[in-house]
Amino acid sequence: MSLVYSIVSTVVMLFLGETAVFFVLSRVYGFGTEFFLLFLAVQAGFDLIILTFLILNRSFFYIVQSGQAETRVNVSNKITLFRITMLPFLLFLIFASQKRLVGPALVIATALTFLSDFVDGRIARAKNLETYMGKILDSASDYLVLGIIAAAFCFFGLLKTWLFILIAGRLLIHSLGMMILCLIRKKLSPQTTFFGKFTIAAIMVFLVLESAALFFGRPFWMAYVEIALGVIMVLSVIDKLVYFTGILKKPGVQS
């Protein structure tokens, strides 16, 4: 029960913190009461789904190296959960950017969310706190947050359609690959490659730059950055196809 209490308290604290910050922003930028209440409802519903998933799968909270069960949500997992629960926050800021000059807030929020992706794994490995749940959440958060934010950017004209298609295709191929491995190997084992990590980092940096363009204006060199990211996406798709094909040819369960 200590783990359940830790899960509940972690999600509740994240909800309260993110809601409080968004409330302050709503006063600063004049979002209006209805917009804030809509955010509150979406954030609460989203966090409830996450909370339910964590409690139902609490057996996944164990140290990968030793197999020891965790009795609380460790620091690394809390940072990963922060990244996931920030999704409604970021989406509503993107929506608000169409009528309000929320560029600075969006840049900071996006940068902090993506920065957490570089922090949680390093803390987990440095302190030997890498959990199986953490691996699942880390992998899921990257594709969930990136995919939805990229879609929102594209919808509002902040991201070129052709580039969004490449990004979405890259994320979809990885997701389908993991699903196929899960069905064939009968085990969910989040996996990535060095180039895969580089690709995710490149997308994150690009989205932060696009957020900054709302406030500082879009510099001419962003066109070259778009082309470079497009090339990275194409190479990453090839990398993933080769990677999954190689794994499927090997016997046994890959961990």
# chains A, B, ... in the order shown; residues from 1 in each chain; ligands from 1
>>> residues_around(residues="Thr80 in chain A", least_positions_apart="4", cutoff="9 Å", atoms="only C-alpha atoms", output="PyMOL selection string")
chain A and resi 75-76+84-85+116-117+119-121+134+137-138+141
>>> write_last_selection(atoms="C-alpha atoms", output="PDB file, in the first residue's frame")
ATOM      1  CA  VAL A  75      12.923  10.443  -8.387  1.00  0.00           C
ATOM      2  CA  SER A  76      13.615   9.258 -11.920  1.00  0.00           C
ATOM      3  CA  ILE A  84       3.793  12.892 -19.468  1.00  0.00           C
ATOM      4  CA  THR A  85       1.432  14.981 -17.336  1.00  0.00           C
ATOM      5  CA  SER A 116      13.347  16.099 -18.362  1.00  0.00           C
ATOM      6  CA  ASP A 117      13.918  13.403 -21.003  1.00  0.00           C
ATOM      7  CA  VAL A 119      17.585  13.985 -16.854  1.00  0.00           C
ATOM      8  CA  ASP A 120      15.438  11.036 -15.756  1.00  0.00           C
ATOM      9  CA  GLY A 121      17.482   8.328 -17.481  1.00  0.00           C
ATOM     10  CA  GLY A 134      10.303   3.684 -15.835  1.00  0.00           C
ATOM     11  CA  LEU A 137       6.913   5.314 -19.248  1.00  0.00           C
ATOM     12  CA  ASP A 138      10.064   6.843 -20.737  1.00  0.00           C
ATOM     13  CA  SER A 141       6.234   9.567 -23.061  1.00  0.00           C
TER      14      SER A 141
END
>>> select_by_dssp(residues="range 16-188 of chain A", states="helix (DSSP H, G or I)", output="NGL selection string")
:A and (16-29 or 33-56 or 58-60 or 75-85 or 87-96 or 103-126 or 132-155 or 161-185)
>>> residues_around(residues="Val234 in chain A", least_positions_apart="4", cutoff="9 Å", atoms="only C-alpha atoms", output="list in words")
Leu166, Arg170, Leu229, Gly230, Ile238 and Asp239 of chain A
>>> residues_around(residues="Val11 in chain A", least_positions_apart="4", cutoff="7 Å", atoms="only C-alpha atoms", output="list in words")
Ile7, Phe15, Asp47 and Leu51 of chain A
>>> write_last_selection(atoms="N, CA and C atoms", output="CSV table (one decimal), in the first residue's frame")
chain,number,residue,atom,x,y,z
A,7,ILE,N,2.2,6.5,-5.5
A,7,ILE,CA,1.7,6.8,-6.8
A,7,ILE,C,0.7,7.9,-6.8
A,15,PHE,N,-0.4,17.2,-10.5
A,15,PHE,CA,-1.7,17.9,-11.0
A,15,PHE,C,-1.8,19.3,-10.3
A,47,ASP,N,-4.8,13.0,-16.0
A,47,ASP,CA,-4.0,12.5,-14.9
A,47,ASP,C,-4.7,11.3,-14.2
A,51,LEU,N,-3.0,7.7,-13.5
A,51,LEU,CA,-3.1,7.2,-12.2
A,51,LEU,C,-3.6,5.8,-12.2
>>> residues_around(residues="Thr199 in chain A", least_positions_apart="2", cutoff="8 Å", atoms="only C-alpha atoms", output="mmCIF file with C-alpha atoms, in the first residue's frame")
data_model
loop_
_atom_site.group_PDB
_atom_site.id
_atom_site.type_symbol
_atom_site.label_atom_id
_atom_site.label_comp_id
_atom_site.auth_asym_id
_atom_site.auth_seq_id
_atom_site.Cartn_x
_atom_site.Cartn_y
_atom_site.Cartn_z
ATOM 1 C CA PHE A 195 20.522 7.082 -33.635
ATOM 2 C CA GLY A 196 16.982 6.709 -32.325
ATOM 3 C CA LYS A 197 17.869 8.743 -29.232
ATOM 4 C CA ALA A 201 16.564 14.800 -29.268
ATOM 5 C CA ALA A 202 16.618 16.513 -32.673
ATOM 6 C CA ILE A 203 12.806 16.649 -32.799
ATOM 7 C CA ILE A 232 17.459 12.868 -40.073
ATOM 8 C CA MET A 233 13.878 11.555 -40.120
ATOM 9 C CA SER A 236 16.006 7.279 -38.768
#
>>> closest_residue(among="A:Ala41, A:Val73, A:Ala228, A:Leu87", to="Ala152 in chain A", atoms="only C-alpha atoms")
A:Leu87
>>> select_by_dssp(residues="range 62-162 of chain A", states="strand (DSSP E or B)", output="list in words")
Tyr62, Ile63, Ala69 and Thr131 of chain A
>>> closest_residue(among="A:Glu226, A:Tyr132, A:Ala20, A:Met204", to="Thr113 in chain A", atoms="only C-alpha atoms")
A:Met204
>>> closest_residue(among="A:Gly157, A:Gly169, A:Gly147, A:Gly246", to="Ile94 in chain A", atoms="only C-alpha atoms")
A:Gly157
>>> closest_residue(among="A:Ser6, A:Ser97, A:Ser66, A:Gln43", to="Gly30 in chain A", atoms="only C-alpha atoms")
A:Ser97
>>> residues_around(residues="Ala168 in chain A", least_positions_apart="2", cutoff="10 Å", atoms="only C-alpha atoms", output="list of chain:residue names")
A:Tyr143, A:Leu146, A:Gly147, A:Ile148, A:Ala150, A:Ala151, A:Trp162, A:Leu163, A:Phe164, A:Ile165, A:Leu166, A:Arg170, A:Leu171, A:Leu172, A:Ile173, A:Met233
>>> atom_distance(atom1="CA of Ala213 in chain A", atom2="CA of Phe36 in chain A")
24.7 Å
>>> atom_distance(atom1="CA of Leu101 in chain A", atom2="CA of Phe114 in chain A")
21.4 Å
>>> residues_around(residues="Phe95 in chain A", least_positions_apart="4", cutoff="9 Å", atoms="only C-alpha atoms", output="JSON list (two decimals) with C-alpha atoms, in the first residue's frame")
[["chain", "number", "residue", "atom", "x", "y", "z"],
["A", 90, "LEU", "CA", 1.55, 22.28, -23.48],
["A", 91, "LEU", "CA", -1.44, 21.68, -25.73],
["A", 99, "LYS", "CA", -4.78, 34.60, -29.79],
["A", 152, "ALA", "CA", -0.87, 20.44, -32.76],
["A", 156, "PHE", "CA", -1.93, 25.56, -36.27]]
>>> closest_residue(among="A:Ala44, A:Ser59, A:Thr52, A:Phe31", to="Arg100 in chain A", atoms="only C-alpha atoms")
A:Phe31
